[in-house]
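Okay, input_25.cif now, which holds mmCIF, C-alpha atoms:
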data_entry
loop_
_atom_site.label_atom_id
_atom_site.label_comp_id
_atom_site.auth_asym_id
_atom_site.auth_seq_id
_atom_site.Cartn_x
_atom_site.Cartn_y
_atom_site.Cartn_z
CA MET A 8 0.00 0.00 0.00
CA THR A 9 2.45 2.62 -1.18
CA ILE A 10 -0.43 5.07 -1.52
CA ILE A 11 -0.58 5.39 2.29
CA GLN A 12 1.87 7.98 3.65
CA SER A 13 3.11 8.55 7.20
CA ASN A 14 1.43 11.95 7.51
CA HIS A 15 -2.00 10.66 6.45
CA SER A 16 -5.17 10.60 8.49
CA VAL A 17 -6.92 7.27 7.76
CA LEU A 18 -10.31 5.75 8.59
CA LEU A 19 -10.51 1.96 8.95
CA PHE A 20 -13.97 0.35 8.69
CA ALA A 21 -14.16 -3.31 9.72
CA SER A 22 -15.52 -5.72 12.27
CA PRO A 23 -13.33 -5.86 15.43
CA SER A 24 -13.06 -9.63 15.03
CA HIS A 25 -12.01 -9.50 11.38
CA PRO A 26 -8.56 -11.19 11.19
CA LYS A 27 -7.37 -9.17 8.20
CA SER A 28 -8.43 -5.87 9.75
CA LEU A 29 -6.67 -6.64 13.05
CA GLU A 30 -3.43 -7.28 11.22
CA LEU A 31 -3.80 -4.13 9.09
CA GLU A 32 -4.76 -1.99 12.10
CA ALA A 33 -1.51 -2.83 13.86
CA SER A 34 0.47 -2.02 10.73
CA LEU A 35 -1.32 1.31 10.16
CA ARG A 36 -0.90 2.55 13.75
CA ALA A 37 2.85 2.29 13.30
CA LYS A 38 2.78 4.04 9.94
CA VAL A 39 0.19 6.88 9.78
CA SER A 40 -0.15 9.95 11.95
CA GLU A 41 -3.84 9.38 12.76
CA LEU A 42 -6.01 6.26 12.58
CA ALA A 43 -9.66 5.85 13.54
CA VAL A 44 -11.29 2.41 13.57
CA LEU A 45 -15.08 2.29 13.15
CA SER A 46 -17.76 -0.18 12.14
CA HIS A 47 -19.68 0.44 8.94
CA SER A 48 -22.76 1.48 10.90
CA GLU A 49 -20.75 4.27 12.59
CA ILE A 50 -19.82 6.06 9.36
CA LYS A 51 -22.21 8.92 10.19
CA ASN A 52 -20.13 9.64 13.32
CA ALA A 53 -16.86 9.92 11.39
CA THR A 54 -15.20 13.32 11.01
CA PRO A 55 -14.39 14.50 7.47
CA GLY A 56 -11.06 15.73 6.09
CA ARG A 57 -9.41 12.31 5.83
CA ASP A 58 -6.59 11.39 3.45
CA GLY A 59 -7.72 7.80 3.04
CA ILE A 60 -10.39 5.22 3.88
CA ILE A 61 -9.86 1.45 4.16
CA SER A 62 -12.84 -0.86 4.45
CA PHE A 63 -13.29 -4.62 4.93
CA ALA A 64 -16.75 -5.82 3.86
CA ASP A 65 -18.51 -9.12 4.52
CA GLU A 66 -19.97 -11.37 1.81
CA ASN A 67 -22.65 -8.73 1.05
CA GLY A 68 -20.03 -6.29 -0.23
CA HIS A 69 -20.05 -2.48 -0.07
CA THR A 70 -23.31 -0.65 -0.62
CA PHE A 71 -23.69 2.45 -2.73
CA GLU A 72 -24.81 4.43 0.36
CA PHE A 73 -21.50 3.61 2.09
CA LEU A 74 -19.49 4.76 -0.95
CA GLU A 75 -21.54 7.94 -1.25
CA GLN A 76 -20.90 8.83 2.40
CA SER A 77 -17.22 7.85 2.18
CA ILE A 78 -16.40 10.34 -0.57
CA GLN A 79 -17.74 13.16 1.61
CA LEU A 80 -15.26 12.22 4.37
CA LEU A 81 -12.21 12.41 2.09
CA LYS A 82 -10.07 15.39 1.15
CA PRO A 83 -9.72 16.26 -2.57
CA SER A 84 -7.45 13.60 -4.19
CA GLY A 85 -8.10 11.30 -1.22
CA TYR A 86 -8.19 7.53 -1.73
CA ILE A 87 -10.37 4.60 -0.72
CA ILE A 88 -9.24 0.94 -0.50
CA LEU A 89 -11.97 -1.69 -0.38
CA TYR A 90 -11.63 -5.39 0.48
CA GLU A 91 -14.34 -7.93 -0.35
CA PRO A 92 -14.05 -11.73 0.21
CA LEU A 93 -13.70 -14.03 -2.82
CA LYS A 94 -15.75 -16.80 -1.23
CA GLY A 95 -19.30 -16.80 -2.58
CA ARG A 96 -18.58 -13.76 -4.80
CA GLN A 97 -20.59 -13.51 -8.03
CA SER A 98 -18.95 -12.73 -11.37
CA SER A 99 -20.92 -9.49 -11.75
CA SER A 100 -20.06 -8.14 -8.29
CA SER A 101 -16.86 -6.40 -9.42
CA GLU A 102 -18.68 -4.70 -12.29
CA VAL A 103 -21.44 -3.49 -9.96
CA LEU A 104 -18.87 -2.20 -7.44
CA SER A 105 -16.93 -0.36 -10.15
CA ARG A 106 -20.12 1.29 -11.43
CA ASN A 107 -21.20 2.32 -7.92
CA LEU A 108 -17.81 3.91 -7.30
CA GLN A 109 -18.19 6.01 -10.44
CA PHE A 110 -21.75 7.01 -9.55
CA ALA A 111 -20.57 8.01 -6.06
CA GLY A 112 -17.96 10.31 -7.61
CA PHE A 113 -14.71 8.32 -7.45
CA LEU A 114 -12.17 8.23 -10.28
CA SER A 115 -9.76 5.64 -11.73
CA ASN A 116 -10.82 2.61 -9.71
CA VAL A 117 -8.44 -0.37 -9.99
CA ILE A 118 -9.50 -3.93 -9.11
CA SER A 119 -6.97 -6.64 -8.18
CA GLN A 120 -6.89 -9.89 -6.22
CA SER A 121 -5.07 -10.10 -2.88
CA GLU A 122 -4.99 -13.50 -1.14
CA ASP A 123 -8.62 -14.41 -0.41
CA TYR A 124 -9.91 -10.90 -1.10
CA ILE A 125 -10.69 -8.59 -3.99
CA GLU A 126 -8.87 -5.30 -3.52
CA VAL A 127 -10.33 -2.16 -5.12
CA THR A 128 -8.58 1.22 -5.06
CA ALA A 129 -10.20 4.49 -6.19
CA THR A 130 -9.50 8.21 -5.73
CA LYS A 131 -11.57 11.29 -5.15
CA PRO A 132 -11.24 14.15 -7.69
CA ASP A 133 -8.84 16.95 -6.79
CA TRP A 134 -11.70 19.40 -6.28
CA GLU A 135 -14.24 19.61 -3.49
CA LEU A 136 -17.90 18.81 -4.05
CA GLY A 137 -19.75 21.97 -5.13
CA ALA A 138 -16.53 23.92 -5.77
CA SER A 139 -16.73 26.86 -8.17
CA GLN A 140 -14.23 29.07 -9.93
CA SER A 141 -14.78 32.62 -11.12
CA ILE A 142 -13.97 33.48 -14.72
CA LYS A 143 -12.59 36.86 -15.63
CA LEU A 144 -14.11 38.22 -18.78
CA GLY A 145 -12.56 40.96 -20.87
CA SER A 146 -14.02 44.40 -20.26
CA LYS A 147 -16.34 45.74 -22.90
CA LYS A 148 -15.20 48.82 -24.73
CA SER A 149 -17.90 51.43 -24.74
CA SER A 150 -18.99 52.59 -28.15
CA ASN A 151 -21.47 55.23 -29.13
CA ILE A 152 -21.90 53.72 -32.57
CA SER A 153 -25.12 51.76 -32.96
CA THR A 154 -24.77 48.10 -33.84
CA TRP A 155 -26.92 48.52 -36.92
CA SER A 156 -25.53 51.86 -38.04
CA ALA A 157 -23.41 51.93 -41.19
CA SER A 158 -19.71 52.50 -40.69
CA LYS A 159 -17.78 55.22 -42.46
CA ASP A 160 -16.06 52.67 -44.68
CA SER A 161 -19.28 50.84 -45.66
CA GLU A 162 -20.38 50.91 -49.28
CA GLU A 163 -23.35 52.94 -50.46
CA LEU A 164 -26.61 50.97 -50.56
CA ILE A 165 -28.22 50.32 -53.96
CA ASN A 166 -31.86 51.05 -54.66
CA GLU A 167 -33.42 47.80 -55.89
CA ASP A 168 -35.80 49.67 -58.24
CA ASP A 169 -32.78 50.97 -60.16
CA LEU A 170 -31.96 47.40 -61.19
CA LEU A 171 -35.21 47.12 -63.20
CA ASP A 172 -35.39 48.44 -66.75
CA GLU A 173 -38.49 49.44 -68.72
CA THR A 174 -38.95 45.92 -70.12
CA ASP A 175 -39.10 44.44 -66.64
CA ARG A 176 -41.72 46.95 -65.57
CA LEU A 177 -44.04 46.21 -68.53
CA SER A 178 -43.75 42.42 -68.51
CA ARG A 179 -46.38 40.34 -66.76
CA PRO A 180 -45.95 36.71 -65.82
CA LYS A 181 -48.02 34.27 -67.88
CA THR A 182 -50.50 32.38 -65.74
CA LYS A 183 -52.74 29.49 -66.76
CA ARG A 184 -56.24 29.48 -65.40
CA ASP A 185 -57.24 26.18 -63.88
CA ASP A 186 -60.21 24.39 -65.48
CA CYS A 187 -61.97 24.11 -62.13
CA GLU A 188 -61.38 27.76 -61.17
CA VAL A 189 -64.56 29.74 -60.64
CA GLY A 190 -65.02 32.23 -63.43
CA LYS A 191 -67.88 33.26 -65.70
CA SER A 192 -68.86 29.60 -66.02
CA ARG A 193 -68.19 26.47 -63.98
CA LYS A 194 -66.62 23.53 -65.77
CA ALA A 195 -65.04 20.44 -64.27
CA CYS A 196 -61.60 19.47 -65.59
CA LYS A 197 -60.84 16.01 -67.02
CA ASN A 198 -59.28 14.70 -63.83
CA CYS A 199 -61.50 16.61 -61.42
CA VAL A 200 -61.12 15.54 -57.80
CA CYS A 201 -62.73 18.53 -56.08
CA GLY A 202 -66.28 17.17 -56.44
CA ARG A 203 -67.42 19.52 -59.22
CA ALA A 204 -67.73 16.69 -61.74
CA GLU A 205 -70.15 14.84 -59.44
CA GLU A 206 -72.17 18.02 -58.91
CA GLU A 207 -72.45 18.58 -62.66
CA ALA A 208 -73.49 14.96 -63.23
CA ALA A 209 -76.20 15.23 -60.56
CA ALA A 210 -77.44 18.51 -62.05
CA ALA A 211 -77.60 16.92 -65.51
CA VAL A 212 -79.74 14.05 -64.18
CA VAL A 213 -82.18 16.48 -62.57
CA ALA A 214 -82.38 18.53 -65.78
CA THR A 215 -83.07 15.53 -68.02
CA LYS A 216 -85.44 13.69 -65.69
CA LYS A 217 -88.82 13.29 -67.31
CA LYS A 218 -91.90 14.30 -65.31
CA LEU A 219 -94.41 11.59 -64.41
CA THR A 220 -97.85 11.95 -66.06
CA LEU A 221 -101.20 10.17 -65.70
CA GLU A 222 -100.69 8.53 -69.12
CA MET A 223 -97.42 7.04 -67.89
CA ILE A 224 -99.25 5.48 -64.89
CA GLU A 225 -102.16 4.13 -66.99
CA ASN A 226 -99.89 2.69 -69.71
CA PRO A 227 -96.35 2.49 -68.33
CA THR A 228 -93.40 1.90 -70.65
CA ALA A 229 -89.60 1.96 -70.28
CA PHE A 230 -88.60 5.60 -70.58
CA SER A 231 -84.97 5.38 -69.42
CA ASN A 232 -81.93 3.93 -71.17
CA CYS A 233 -81.48 1.18 -68.55
CA GLY A 234 -84.86 -0.40 -69.40
CA SER A 235 -85.42 -1.39 -65.77
CA CYS A 236 -88.24 1.00 -64.89
CA GLY A 237 -90.69 -1.79 -63.96
CA LEU A 238 -88.31 -3.68 -61.65
CA GLY A 239 -88.39 -1.24 -58.75
CA ASP A 240 -86.18 1.54 -57.32
CA ALA A 241 -83.27 -0.84 -56.72
CA PHE A 242 -82.86 -1.25 -60.50
CA ARG A 243 -83.93 2.20 -61.73
CA CYS A 244 -81.45 4.81 -62.85
CA GLY A 245 -81.20 8.30 -61.38
CA GLY A 246 -83.30 9.91 -64.16
CA CYS A 247 -86.14 7.38 -64.08
CA PRO A 248 -89.58 9.11 -63.75
CA TYR A 249 -90.95 6.04 -61.92
CA ARG A 250 -88.59 6.37 -58.95
CA GLY A 251 -90.62 6.05 -55.75
CA LEU A 252 -93.45 3.99 -57.32
CA PRO A 253 -93.95 0.25 -56.81
CA SER A 254 -92.73 -2.24 -59.43
CA PHE A 255 -94.97 -2.92 -62.47
CA LYS A 256 -95.23 -4.76 -65.78
CA VAL A 257 -94.75 -2.73 -68.93
CA GLY A 258 -98.11 -2.03 -70.59
CA GLU A 259 -100.17 -2.74 -67.44
CA LYS A 260 -101.56 0.00 -65.21
CA ILE A 261 -99.53 0.69 -62.11
CA SER A 262 -101.45 -0.40 -59.02
CA ILE A 263 -100.92 2.13 -56.26
CA PRO A 264 -102.12 0.95 -52.78
CA ALA A 265 -104.32 3.26 -50.69
CA SER A 266 -101.65 3.55 -48.02
CA PHE A 267 -99.09 4.82 -50.58
CA LEU A 268 -100.22 8.44 -50.24
CA GLU A 269 -100.49 8.35 -46.43
CA ASP A 270 -97.82 10.01 -44.31
CA ASP A 271 -95.41 7.72 -42.49
CA ILE A 272 -95.82 9.74 -39.31
#
Show how you would write the structure in this file as structure tokens.
Amino acid sequence: MTIIQSNHSVLLFASPSHPKSLELEASLRAKVSELAVLSHSEIKNATPGRDGIISFADENGHTFEFLEQSIQLLKPSGYIILYEPLKGRQSSSSEVLSRNLQFAGFLSNVISQSEDYIEVTATKPDWELGASQSIKLGSKKSSNISTWSASKDSEELINEDDLLDETDRLSRPKTKRDDCEVGKSRKACKNCVCGRAEEEAAAAVVATKKKLTLEMIENPTAFSNCGSCGLGDAFRCGGCPYRGLPSFKVGEKISIPASFLEDDI
């Protein structure tokens, strides 16, 4: 442990009966200037400003809460040395420990194997948590010249109208009127999709629809191109004069029931 110096103040977290910690405690007391031995549950009672922390964990390993509290006890550039037993250790434990050290704020953690333990060493950054540094900015030179004002060396602005000649002023762009555009007359274009073609078709049907007469009821014939006037509304075209009447045979009088003229309501 060359990282530990004689003038360091060190915290040792371990169980009093831990054989490795008892051996290390005796070695540290002869080496460092100050050593405090605490259990992991007493970390809240520890005083900050330490150069290093050494911790021996049981088979459960070191928790993130312990690492988060440990970094607050260390000086900037302080170190932490963690020992975890190999017996019963899962393959992902080292990865989890390394990630928790980074999340707690430690840098450059190194994992190695020492006897029956995994040894992990990490350091605290060389700045204190929440430290800030002022930045000196260059003084602004006062200027009475407006940001948008033209400088003395700027070129003279050109009037855009001076770029147009007489031909440009008289010319008019050629525009093509759309077939469906409303003008003096409405006319649907060939590929009309705005609905005007359907409106014109419906208007044409209404205009060409023949009016029903008494003669047509007494002696009905096929007046429409489809020839399905006698079959009923389901087969009649839109211009059929018999739409709304019951089905009939051509040449026979249409029989209209008495209830046909009664209101539905």
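Across the structure, CA of Ser101 in chain A and CA of Ile118 in chain A are spaced 7.8 Å apart.
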Distance of CA of Ser119 in chain A from CA of Leu18 in chain A, expressed in Å to one decimal place: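 CA of Ser119 in chain A lies 21.1 Å from CA of Leu18 in chain A.
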Applied to this file, what does the PyMOL selection byres ((chain A and resi 60) around 7) return in terms of residues, put as a CSV table (one decimal) with C-alpha atoms, in the frame of the given file?
chain,number,residue,atom,x,y,z
A,17,VAL,CA,-6.9,7.3,7.8
A,18,LEU,CA,-10.3,5.8,8.6
A,19,LEU,CA,-10.5,2.0,9.0
A,59,GLY,CA,-7.7,7.8,3.0
A,61,ILE,CA,-9.9,1.4,4.2
A,62,SER,CA,-12.8,-0.9,4.4
A,86,TYR,CA,-8.2,7.5,-1.7
A,87,ILE,CA,-10.4,4.6,-0.7
A,88,ILE,CA,-9.2,0.9,-0.5
Choose the residue, out of A:Arg57, A:Arg243, A:Lys260, A:Lys51, that has the smallest atom-to-atom separation from Pro83 in chain A; count all atoms listed in the file. A:Arg57
Atom pair CA of Gly137 in chain A + CA of Leu42 in chain A, distance 27.4 Å
What's the 9 Å shell around range 33-37 of chain A, counting all atoms listed in the file, without same-chain residues fewer than 3 positions away, as a list of chain:residue names?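 Those residues are A:Ile11, A:Ser13, A:Val17, A:Ser28, A:Leu29, A:Glu30, A:Ser40, A:Glu41, A:Leu42.
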Between A:Val39, A:Leu89, A:Leu177, A:Leu104, which residue has the minimum interatomic distance to Ala21 in chain A, considering all atoms listed in the file?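 Closest to Ala21 in chain A, using all atoms listed in the file: A:Leu89.
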With only C-alpha atoms as the counted atoms, please give the residues lying no more than 6 Å from Phe20 in chain A, apart from itself and same-chain residues fewer than 4 positions off, as an mmCIF file with C-alpha atoms, keeping the file's coordinate frame.
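Final output, saved to around-v3.cif:
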data_model
loop_
_atom_site.group_PDB
_atom_site.id
_atom_site.type_symbol
_atom_site.label_atom_id
_atom_site.label_comp_id
_atom_site.auth_asym_id
_atom_site.auth_seq_id
_atom_site.Cartn_x
_atom_site.Cartn_y
_atom_site.Cartn_z
ATOM 1 C CA VAL A 44 -11.290 2.410 13.570
ATOM 2 C CA LEU A 45 -15.080 2.290 13.150
ATOM 3 C CA SER A 46 -17.760 -0.180 12.140
ATOM 4 C CA HIS A 47 -19.680 0.440 8.940
ATOM 5 C CA SER A 62 -12.840 -0.860 4.450
#
Residues near Val257 in chain A, cut-off 10 Å, only C-alpha atoms, skip fewer than 6 positions along chain, as a ChimeraX atom specification: /A:226-229,235-238
Write out the residues from the selection above, keeping C-alpha atoms, as a PDB file, in the coordinates of the input.
ATOM      1  CA  ASN A 226     -99.890   2.690 -69.710  1.00  0.00           C
ATOM      2  CA  PRO A 227     -96.350   2.490 -68.330  1.00  0.00           C
ATOM      3  CA  THR A 228     -93.400   1.900 -70.650  1.00  0.00           C
ATOM      4  CA  ALA A 229     -89.600   1.960 -70.280  1.00  0.00           C
ATOM      5  CA  SER A 235     -85.420  -1.390 -65.770  1.00  0.00           C
ATOM      6  CA  CYS A 236     -88.240   1.000 -64.890  1.00  0.00           C
ATOM      7  CA  GLY A 237     -90.690  -1.790 -63.960  1.00  0.00           C
ATOM      8  CA  LEU A 238     -88.310  -3.680 -61.650  1.00  0.00           C
TER       9      LEU A 238
END
When you get a chance, write out N, CA, C and O atoms for range 44-60 of chain A, as a PDB file, keeping the file's coordinate frame.
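Dumped everything to result.pdb:
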ATOM      1  N   VAL A  44     -10.686   3.696  13.939  1.00  0.00           N
ATOM      2  CA  VAL A  44     -11.290   2.410  13.570  1.00  0.00           C
ATOM      3  C   VAL A  44     -12.768   2.447  13.945  1.00  0.00           C
ATOM      4  O   VAL A  44     -13.116   2.687  15.110  1.00  0.00           O
ATOM      5  N   LEU A  45     -13.635   2.232  12.953  1.00  0.00           N
ATOM      6  CA  LEU A  45     -15.080   2.290  13.150  1.00  0.00           C
ATOM      7  C   LEU A  45     -15.735   1.098  12.456  1.00  0.00           C
ATOM      8  O   LEU A  45     -15.157   0.492  11.545  1.00  0.00           O
ATOM      9  N   SER A  46     -16.951   0.781  12.884  1.00  0.00           N
ATOM     10  CA  SER A  46     -17.760  -0.180  12.140  1.00  0.00           C
ATOM     11  C   SER A  46     -18.510   0.557  11.030  1.00  0.00           C
ATOM     12  O   SER A  46     -18.611   1.785  11.039  1.00  0.00           O
ATOM     13  N   HIS A  47     -19.009  -0.203  10.085  1.00  0.00           N
ATOM     14  CA  HIS A  47     -19.680   0.440   8.940  1.00  0.00           C
ATOM     15  C   HIS A  47     -20.934   1.210   9.377  1.00  0.00           C
ATOM     16  O   HIS A  47     -21.298   2.204   8.741  1.00  0.00           O
ATOM     17  N   SER A  48     -21.566   0.779  10.422  1.00  0.00           N
ATOM     18  CA  SER A  48     -22.760   1.480  10.900  1.00  0.00           C
ATOM     19  C   SER A  48     -22.431   2.796  11.588  1.00  0.00           C
ATOM     20  O   SER A  48     -23.330   3.613  11.810  1.00  0.00           O
ATOM     21  N   GLU A  49     -21.164   3.043  11.905  1.00  0.00           N
ATOM     22  CA  GLU A  49     -20.750   4.270  12.590  1.00  0.00           C
ATOM     23  C   GLU A  49     -20.198   5.320  11.629  1.00  0.00           C
ATOM     24  O   GLU A  49     -19.591   6.293  12.071  1.00  0.00           O
ATOM     25  N   ILE A  50     -20.402   5.137  10.332  1.00  0.00           N
ATOM     26  CA  ILE A  50     -19.820   6.060   9.360  1.00  0.00           C
ATOM     27  C   ILE A  50     -20.383   7.472   9.524  1.00  0.00           C
ATOM     28  O   ILE A  50     -19.696   8.464   9.238  1.00  0.00           O
ATOM     29  N   LYS A  51     -21.615   7.593  10.000  1.00  0.00           N
ATOM     30  CA  LYS A  51     -22.210   8.920  10.190  1.00  0.00           C
ATOM     31  C   LYS A  51     -21.515   9.691  11.317  1.00  0.00           C
ATOM     32  O   LYS A  51     -21.623  10.920  11.385  1.00  0.00           O
ATOM     33  N   ASN A  52     -20.829   8.979  12.214  1.00  0.00           N
ATOM     34  CA  ASN A  52     -20.130   9.640  13.320  1.00  0.00           C
ATOM     35  C   ASN A  52     -18.699  10.019  12.965  1.00  0.00           C
ATOM     36  O   ASN A  52     -18.011  10.655  13.775  1.00  0.00           O
ATOM     37  N   ALA A  53     -18.240   9.642  11.783  1.00  0.00           N
ATOM     38  CA  ALA A  53     -16.860   9.920  11.390  1.00  0.00           C
ATOM     39  C   ALA A  53     -16.685  11.384  11.021  1.00  0.00           C
ATOM     40  O   ALA A  53     -17.587  12.024  10.474  1.00  0.00           O
ATOM     41  N   THR A  54     -15.506  11.926  11.350  1.00  0.00           N
ATOM     42  CA  THR A  54     -15.200  13.320  11.010  1.00  0.00           C
ATOM     43  C   THR A  54     -14.571  13.385   9.621  1.00  0.00           C
ATOM     44  O   THR A  54     -13.771  12.519   9.245  1.00  0.00           O
ATOM     45  N   PRO A  55     -14.920  14.390   8.834  1.00  0.00           N
ATOM     46  CA  PRO A  55     -14.390  14.500   7.470  1.00  0.00           C
ATOM     47  C   PRO A  55     -12.954  15.020   7.459  1.00  0.00           C
ATOM     48  O   PRO A  55     -12.348  15.255   8.512  1.00  0.00           O
ATOM     49  N   GLY A  56     -12.422  15.221   6.254  1.00  0.00           N
ATOM     50  CA  GLY A  56     -11.060  15.730   6.090  1.00  0.00           C
ATOM     51  C   GLY A  56     -10.012  14.645   6.153  1.00  0.00           C
ATOM     52  O   GLY A  56      -8.870  14.923   6.532  1.00  0.00           O
ATOM     53  N   ARG A  57     -10.345  13.420   5.755  1.00  0.00           N
ATOM     54  CA  ARG A  57      -9.410  12.310   5.830  1.00  0.00           C
ATOM     55  C   ARG A  57      -8.641  12.153   4.517  1.00  0.00           C
ATOM     56  O   ARG A  57      -9.132  12.455   3.435  1.00  0.00           O
ATOM     57  N   ASP A  58      -7.411  11.657   4.641  1.00  0.00           N
ATOM     58  CA  ASP A  58      -6.590  11.390   3.450  1.00  0.00           C
ATOM     59  C   ASP A  58      -6.964  10.066   2.800  1.00  0.00           C
ATOM     60  O   ASP A  58      -6.827   9.907   1.583  1.00  0.00           O
ATOM     61  N   GLY A  59      -7.401   9.105   3.587  1.00  0.00           N
ATOM     62  CA  GLY A  59      -7.720   7.800   3.040  1.00  0.00           C
ATOM     63  C   GLY A  59      -8.720   7.061   3.875  1.00  0.00           C
ATOM     64  O   GLY A  59      -8.905   7.327   5.069  1.00  0.00           O
ATOM     65  N   ILE A  60      -9.420   6.096   3.220  1.00  0.00           N
ATOM     66  CA  ILE A  60     -10.390   5.220   3.880  1.00  0.00           C
ATOM     67  C   ILE A  60     -10.082   3.794   3.455  1.00  0.00           C
ATOM     68  O   ILE A  60      -9.884   3.509   2.266  1.00  0.00           O
TER      69      ILE A  60
END
